[in-house]
>>> print(open('structure.txt').read())   # compact mmCIF, C-alpha atoms
# COMPACT_ATOMS: atom_id res chain seq x y z
CA MET S 1 16.50 10.93 -0.77
CA ARG S 2 14.66 8.34 1.29
CA VAL S 3 10.87 8.16 1.22
CA ASP S 4 8.63 5.84 3.23
CA LEU S 5 5.02 6.51 2.34
CA HIS S 6 2.99 3.58 3.72
CA ASN S 7 2.64 3.62 7.51
CA HIS S 8 -0.13 3.29 10.07
CA THR S 9 -1.26 4.59 13.47
CA ILE S 10 -3.09 3.16 16.48
CA LEU S 11 -6.34 4.57 15.09
CA CYS S 12 -6.62 1.63 12.66
CA ASN S 13 -7.11 -0.65 15.70
CA HIS S 14 -4.32 -3.08 14.79
CA ALA S 15 -1.17 -0.96 15.10
CA GLU S 16 0.74 0.30 18.13
CA GLY S 17 2.92 3.27 19.04
CA SER S 18 2.47 7.04 19.00
CA VAL S 19 2.75 9.26 15.95
CA ASP S 20 5.74 10.99 17.56
CA ALA S 21 7.49 7.66 18.11
CA TYR S 22 7.08 6.70 14.44
CA VAL S 23 8.39 10.04 13.24
CA GLU S 24 11.33 10.07 15.64
CA ARG S 25 12.32 6.57 14.50
CA ALA S 26 12.13 7.69 10.87
CA ILE S 27 14.44 10.61 11.70
CA GLU S 28 16.89 8.20 13.35
CA LEU S 29 16.92 6.10 10.18
CA GLY S 30 17.63 9.07 7.92
CA ILE S 31 14.27 9.01 6.16
CA ASP S 32 13.63 12.33 4.41
CA GLU S 33 9.90 12.05 3.69
CA TYR S 34 7.66 9.97 5.93
CA GLY S 35 4.01 9.39 5.14
CA PHE S 36 1.18 8.28 7.40
CA SER S 37 -1.39 6.43 5.31
CA ASP S 38 -3.66 4.77 7.82
CA HIS S 39 -6.50 2.43 6.89
CA ALA S 40 -9.28 4.77 5.80
CA PRO S 41 -12.77 4.70 7.28
CA MET S 42 -15.18 2.51 5.34
CA ASN S 43 -18.59 0.99 5.99
CA TYR S 44 -17.10 -2.49 6.16
CA ASP S 45 -14.59 -4.39 8.31
CA PRO S 46 -14.55 -1.84 11.19
CA LYS S 47 -12.28 -4.05 13.30
CA TYR S 48 -9.26 -3.24 11.12
CA ARG S 49 -9.65 0.46 10.32
CA MET S 50 -10.37 3.81 11.90
CA ASP S 51 -13.93 4.89 12.45
CA ILE S 52 -15.14 7.91 10.48
CA SER S 53 -15.49 9.72 13.82
CA LYS S 54 -11.68 9.53 14.16
CA LYS S 55 -10.92 11.12 10.80
CA HIS S 56 -10.45 14.66 12.14
CA GLN S 57 -8.33 13.39 15.03
CA TYR S 58 -6.09 11.43 12.65
CA GLU S 59 -5.56 14.33 10.29
CA LYS S 60 -4.80 16.68 13.19
CA LEU S 61 -2.27 14.25 14.69
CA VAL S 62 -0.39 14.03 11.39
CA ARG S 63 -0.54 17.76 10.65
CA ASP S 64 0.67 18.54 14.16
CA ALA S 65 3.61 16.18 13.60
CA LYS S 66 4.27 17.79 10.23
CA GLU S 67 4.65 21.16 11.95
CA LYS S 68 6.51 19.85 15.02
CA TYR S 69 9.22 18.06 13.03
CA LYS S 70 9.37 20.29 9.96
CA ASP S 71 13.04 21.14 10.50
CA GLU S 72 14.05 17.46 10.71
CA ILE S 73 11.80 15.54 8.33
CA LYS S 74 8.93 16.07 5.93
CA VAL S 75 5.79 14.39 7.28
CA LEU S 76 3.01 13.61 4.80
CA LEU S 77 -0.70 12.94 5.29
CA ALA S 78 -2.49 10.22 3.37
CA TYR S 79 -4.91 7.31 3.54
CA GLU S 80 -4.72 3.70 2.48
CA VAL S 81 -8.14 3.13 0.93
CA ASP S 82 -9.63 -0.31 0.39
CA TYR S 83 -10.99 -0.57 -3.11
CA LEU S 84 -14.38 -2.13 -2.46
CA ASP S 85 -17.15 -0.97 -4.75
CA GLY S 86 -20.04 0.56 -2.84
CA PHE S 87 -18.10 1.07 0.39
CA ILE S 88 -15.63 3.86 -0.44
CA LEU S 89 -16.49 7.11 1.34
CA ASP S 90 -16.53 10.48 -0.42
CA GLU S 91 -15.16 12.07 2.77
CA VAL S 92 -12.00 10.03 2.27
CA VAL S 93 -11.34 10.28 -1.46
CA ASN S 94 -12.08 14.02 -1.38
CA ALA S 95 -9.95 14.69 1.71
CA LYS S 96 -7.15 17.26 1.49
CA VAL S 97 -4.21 14.90 1.65
CA ASP S 98 -0.81 14.49 0.02
CA TYR S 99 -1.71 11.20 -1.68
CA LEU S 100 -4.04 8.22 -1.56
CA ILE S 101 -2.94 4.59 -1.63
CA GLY S 102 -5.42 2.25 -3.29
CA SER S 103 -5.32 -1.34 -2.03
CA VAL S 104 -7.30 -4.54 -2.45
CA HIS S 105 -7.73 -6.65 0.70
CA PHE S 106 -11.09 -8.24 -0.13
CA LEU S 107 -12.48 -10.33 -2.95
CA LYS S 108 -16.16 -10.68 -3.49
CA ASN S 109 -18.49 -12.63 -5.73
CA LYS S 110 -22.21 -13.30 -5.78
CA SER S 111 -22.20 -15.34 -2.60
CA ASP S 112 -19.43 -14.08 -0.36
CA MET S 113 -16.69 -11.57 0.41
CA TRP S 114 -13.50 -12.46 2.21
CA GLY S 115 -10.34 -10.82 3.45
CA PHE S 116 -7.84 -13.02 1.63
CA ASP S 117 -4.79 -11.63 3.50
CA ASN S 118 -6.30 -12.09 6.96
CA PRO S 119 -5.01 -15.23 8.74
CA GLU S 120 -8.48 -15.60 10.29
CA PHE S 121 -9.81 -16.61 6.86
CA ILE S 122 -6.91 -18.63 5.48
CA GLY S 123 -9.09 -21.74 5.45
CA VAL S 124 -11.18 -20.25 2.63
CA TYR S 125 -8.33 -20.99 0.21
CA LYS S 126 -9.15 -24.71 0.44
CA SER S 127 -12.47 -24.10 -1.28
CA LYS S 128 -11.08 -21.89 -4.05
CA ASP S 129 -9.31 -22.47 -7.36
CA ILE S 130 -5.99 -20.63 -6.91
CA ASP S 131 -5.65 -19.50 -10.53
CA THR S 132 -9.19 -18.09 -10.41
CA ILE S 133 -8.45 -16.23 -7.18
CA TRP S 134 -5.38 -14.60 -8.74
CA ILE S 135 -7.34 -13.54 -11.80
CA GLU S 136 -10.12 -12.10 -9.62
CA TYR S 137 -7.57 -10.22 -7.54
CA PHE S 138 -5.85 -8.55 -10.47
CA ASP S 139 -9.22 -7.80 -12.06
CA ALA S 140 -9.98 -5.87 -8.86
CA ILE S 141 -6.63 -4.03 -9.09
CA LYS S 142 -7.45 -3.17 -12.70
CA ALA S 143 -10.87 -1.85 -11.73
CA MET S 144 -9.31 0.19 -8.92
CA ALA S 145 -6.86 1.83 -11.33
CA LYS S 146 -9.69 2.69 -13.72
CA THR S 147 -11.37 4.86 -11.08
CA ASN S 148 -8.50 7.39 -11.20
CA LEU S 149 -9.08 8.03 -7.49
CA PHE S 150 -5.68 6.93 -6.21
CA ASP S 151 -2.01 7.83 -6.55
CA ILE S 152 -0.20 4.69 -5.35
CA VAL S 153 -1.00 0.99 -5.70
CA GLY S 154 -0.54 -0.67 -2.31
CA HIS S 155 1.30 -4.03 -2.13
CA PHE S 156 0.55 -4.84 -5.78
CA ASP S 157 0.68 -8.65 -5.54
CA LEU S 158 -0.68 -9.06 -2.00
CA ILE S 159 -2.63 -12.12 -3.12
CA LYS S 160 0.60 -14.15 -2.76
CA VAL S 161 0.80 -13.46 0.99
CA PHE S 162 0.16 -17.05 2.17
CA LYS S 163 2.15 -18.59 -0.69
CA PHE S 164 -0.82 -20.01 -2.58
CA LEU S 165 0.67 -19.52 -6.04
CA PRO S 166 -0.99 -20.02 -9.44
CA LYS S 167 0.02 -22.47 -12.14
CA LYS S 168 -0.29 -19.74 -14.79
CA ASP S 169 2.48 -17.24 -15.44
CA ILE S 170 2.02 -14.48 -12.86
CA ARG S 171 3.20 -11.86 -15.34
CA LEU S 172 0.40 -12.77 -17.73
CA ILE S 173 -2.19 -12.64 -14.96
CA ALA S 174 -1.01 -9.20 -13.80
CA LYS S 175 -0.25 -7.57 -17.16
CA GLU S 176 -3.65 -5.99 -17.81
CA ALA S 177 -3.71 -4.51 -14.32
CA LEU S 178 -0.27 -2.98 -14.93
CA LEU S 179 -1.45 -1.54 -18.23
CA GLU S 180 -4.36 0.15 -16.45
CA ILE S 181 -2.02 1.43 -13.73
CA LYS S 182 0.14 2.97 -16.44
CA LYS S 183 -2.90 4.60 -18.07
CA SER S 184 -4.03 6.08 -14.75
CA ASN S 185 -0.54 7.44 -13.99
CA MET S 186 -0.38 5.56 -10.69
CA VAL S 187 2.81 4.55 -8.89
CA LEU S 188 3.75 1.11 -7.56
CA GLU S 189 5.12 0.93 -4.05
CA ILE S 190 7.94 -1.42 -3.18
CA ASN S 191 6.64 -2.79 0.09
CA PRO S 192 8.87 -5.15 2.12
CA ALA S 193 6.05 -6.22 4.47
CA GLY S 194 5.86 -9.47 2.52
CA LEU S 195 9.19 -10.39 4.08
CA ARG S 196 7.31 -10.61 7.38
CA LYS S 197 4.75 -13.01 5.89
CA PRO S 198 4.73 -16.66 4.73
CA ILE S 199 5.60 -15.64 1.16
CA ASN S 200 8.87 -14.09 2.46
CA GLU S 201 9.09 -11.80 -0.55
CA THR S 202 8.75 -8.10 -1.19
CA TYR S 203 5.60 -6.74 -2.87
CA PRO S 204 5.76 -6.74 -5.85
CA SER S 205 8.03 -9.58 -6.88
CA LYS S 206 11.15 -8.91 -8.93
CA GLN S 207 9.56 -10.32 -12.08
CA LEU S 208 6.56 -8.00 -11.77
CA LEU S 209 8.83 -5.03 -11.08
CA GLU S 210 10.75 -5.86 -14.25
CA LEU S 211 7.50 -5.83 -16.20
CA ALA S 212 6.50 -2.54 -14.58
CA LEU S 213 9.83 -0.98 -15.58
CA GLU S 214 9.31 -2.11 -19.18
CA MET S 215 6.00 -0.22 -19.07
CA GLN S 216 7.73 2.82 -17.53
CA ILE S 217 5.62 2.68 -14.36
CA ASP S 218 7.17 4.67 -11.52
CA ILE S 219 7.82 3.35 -8.03
CA THR S 220 7.90 4.57 -4.46
CA PHE S 221 8.72 2.94 -1.12
CA GLY S 222 6.57 2.04 1.88
CA SER S 223 7.43 -0.14 4.86
CA ASP S 224 3.78 -0.71 5.86
CA ALA S 225 4.74 -0.17 9.50
CA HIS S 226 2.18 -1.15 12.14
CA SER S 227 4.69 -0.67 14.97
CA VAL S 228 7.64 1.63 15.62
CA GLU S 229 10.02 -1.32 15.13
CA GLN S 230 8.75 -1.74 11.56
CA VAL S 231 9.51 1.84 10.47
CA GLY S 232 11.93 1.64 7.55
CA PHE S 233 11.68 -2.15 7.59
CA MET S 234 14.19 -3.71 5.15
CA TYR S 235 14.57 -0.39 3.34
CA GLU S 236 18.03 -1.23 2.03
CA ASP S 237 16.73 -4.49 0.56
CA ALA S 238 13.86 -2.68 -1.16
CA LEU S 239 16.24 -0.08 -2.57
CA LEU S 240 18.65 -2.77 -3.76
CA LEU S 241 15.80 -4.60 -5.49
CA ALA S 242 14.78 -1.41 -7.29
CA LYS S 243 18.35 -0.85 -8.46
CA GLU S 244 18.81 -4.47 -9.56
CA VAL S 245 15.69 -4.23 -11.71
CA GLY S 246 16.95 -0.99 -13.26
CA TYR S 247 15.02 1.75 -11.52
CA LYS S 248 16.90 4.99 -10.94
CA ARG S 249 14.21 7.19 -9.44
CA CYS S 250 11.29 7.12 -7.03
CA ILE S 251 8.21 9.25 -6.49
CA SER S 252 6.85 11.16 -3.53
CA PHE S 253 3.84 13.44 -3.33
CA GLU S 254 2.66 16.75 -1.96
CA SER S 255 -0.98 17.82 -2.21
CA ARG S 256 -1.54 15.03 -4.78
CA ASP S 257 1.29 16.30 -7.03
CA LYS S 258 4.19 14.01 -7.92
CA LYS S 259 7.76 14.78 -6.94
CA VAL S 260 10.61 12.88 -8.58
CA TYR S 261 13.78 11.89 -6.74
CA THR S 262 16.76 9.99 -8.16
CA PHE S 263 18.70 7.42 -6.18
>>> encode(input="structure.txt", output="structure tokens")
Amino acid sequence: MRVDLHNHTILCNHAEGSVDAYVERAIELGIDEYGFSDHAPMNYDPKYRMDISKKHQYEKLVRDAKEKYKDEIKVLLAYEVDYLDGFILDEVVNAKVDYLIGSVHFLKNKSDMWGFDNPEFIGVYKSKDIDTIWIEYFDAIKAMAKTNLFDIVGHFDLIKVFKFLPKKDIRLIAKEALLEIKKSNMVLEINPAGLRKPINETYPSKQLLELALEMQIDITFGSDAHSVEQVGFMYEDALLLAKEVGYKRCISFESRDKKVYTF
């Protein structure tokens, strides 16, 4: 059973290709369950997400594809929601979807807020203490898990994207966030998109996956496709990583309920 639950559409303003093209590529690759989880509307950073006025259109596009391809593949409807206190929309977290991915793309403090994974703002790292940034990031992941709003943690260690790595043991920095993820019954995605970035490593790293397995935290898979060519990106590598760590099963969802598949 192959699942790929983290994928985008042109409605997020920084992806390309039709819904049909994504689904048809997933069918070609033998993916059994394919989820669209586009960047959810939010009253911040409109350049990189769909507008709330597009919400109905997005959901209809995915549901139409679900019906059109039902004999060939199971298509799922979801959102990737930025965890940013004060900006999350009720219309999104209360939407009738199969699952919600919770992600952190922004860090904020008293004076500023910045998209740490956006190349446009990479220069901000020069003014930051890297260990502090990592701690702030995983504090945000921990807070996100505590809300109990989400089903999947998106790209768990995204903060490593530009290869600014801490001096402290990454496992110690991330441990409390993983404990909260376990408490909230969330799932970690194995997301190979990091292999397309300067870090050249899957999210999360092998050492963090090993820690997650020790805590009996479940996993799923998501290629984070923003183009048809990225559908199923490095799936075999992600699966091999899961097996090397010791995972034997993955999770999918339907109407917010977990489904367990062995591999």
>>> residues_around(input="structure.txt", residues="Ala78 in chain S", least_positions_apart="2", cutoff="6 Å", atoms="all atoms listed in the file", output="ChimeraX atom specification")
/S:36-37,97-100
>>> write_last_selection(input="structure.txt", atoms="C-alpha atoms", output="PDB file, keeping the file's coordinate frame")
ATOM      1  CA  PHE S  36       1.180   8.280   7.400  1.00  0.00           C
ATOM      2  CA  SER S  37      -1.390   6.430   5.310  1.00  0.00           C
ATOM      3  CA  VAL S  97      -4.210  14.900   1.650  1.00  0.00           C
ATOM      4  CA  ASP S  98      -0.810  14.490   0.020  1.00  0.00           C
ATOM      5  CA  TYR S  99      -1.710  11.200  -1.680  1.00  0.00           C
ATOM      6  CA  LEU S 100      -4.040   8.220  -1.560  1.00  0.00           C
TER       7      LEU S 100
END
>>> closest_residue(input="structure.txt", among="S:Tyr125, S:Phe162, S:Tyr203, S:Gln216", to="Leu178 in chain S", atoms="only C-alpha atoms")
S:Gln216
>>> residues_around(input="structure.txt", residues="Leu5 in chain S", least_positions_apart="3", cutoff="8 Å", atoms="only C-alpha atoms", output="list in words")
Glu33, Tyr34, Gly35, Phe36, Ser37, Leu76, Thr220, Phe221, Gly222, Ser223 and Ser252 of chain S
>>> atom_distance(input="structure.txt", atom1="CA of Met113 in chain S", atom2="CA of Leu165 in chain S")
20.2 Å
>>> atom_distance(input="structure.txt", atom1="CA of Phe156 in chain S", atom2="CA of Pro204 in chain S")
5.5 Å
>>> residues_around(input="structure.txt", residues="Val245 in chain S", least_positions_apart="3", cutoff="12 Å", atoms="only C-alpha atoms", output="tab-separated table (two decimals) with C-alpha atoms, in the coordinates of the input")
chain	number	residue	atom	x	y	z
S	190	ILE	CA	7.94	-1.42	-3.18
S	204	PRO	CA	5.76	-6.74	-5.85
S	205	SER	CA	8.03	-9.58	-6.88
S	206	LYS	CA	11.15	-8.91	-8.93
S	207	GLN	CA	9.56	-10.32	-12.08
S	208	LEU	CA	6.56	-8.00	-11.77
S	209	LEU	CA	8.83	-5.03	-11.08
S	210	GLU	CA	10.75	-5.86	-14.25
S	211	LEU	CA	7.50	-5.83	-16.20
S	212	ALA	CA	6.50	-2.54	-14.58
S	213	LEU	CA	9.83	-0.98	-15.58
S	214	GLU	CA	9.31	-2.11	-19.18
S	219	ILE	CA	7.82	3.35	-8.03
S	238	ALA	CA	13.86	-2.68	-1.16
S	239	LEU	CA	16.24	-0.08	-2.57
S	240	LEU	CA	18.65	-2.77	-3.76
S	241	LEU	CA	15.80	-4.60	-5.49
S	242	ALA	CA	14.78	-1.41	-7.29
S	248	LYS	CA	16.90	4.99	-10.94
S	249	ARG	CA	14.21	7.19	-9.44
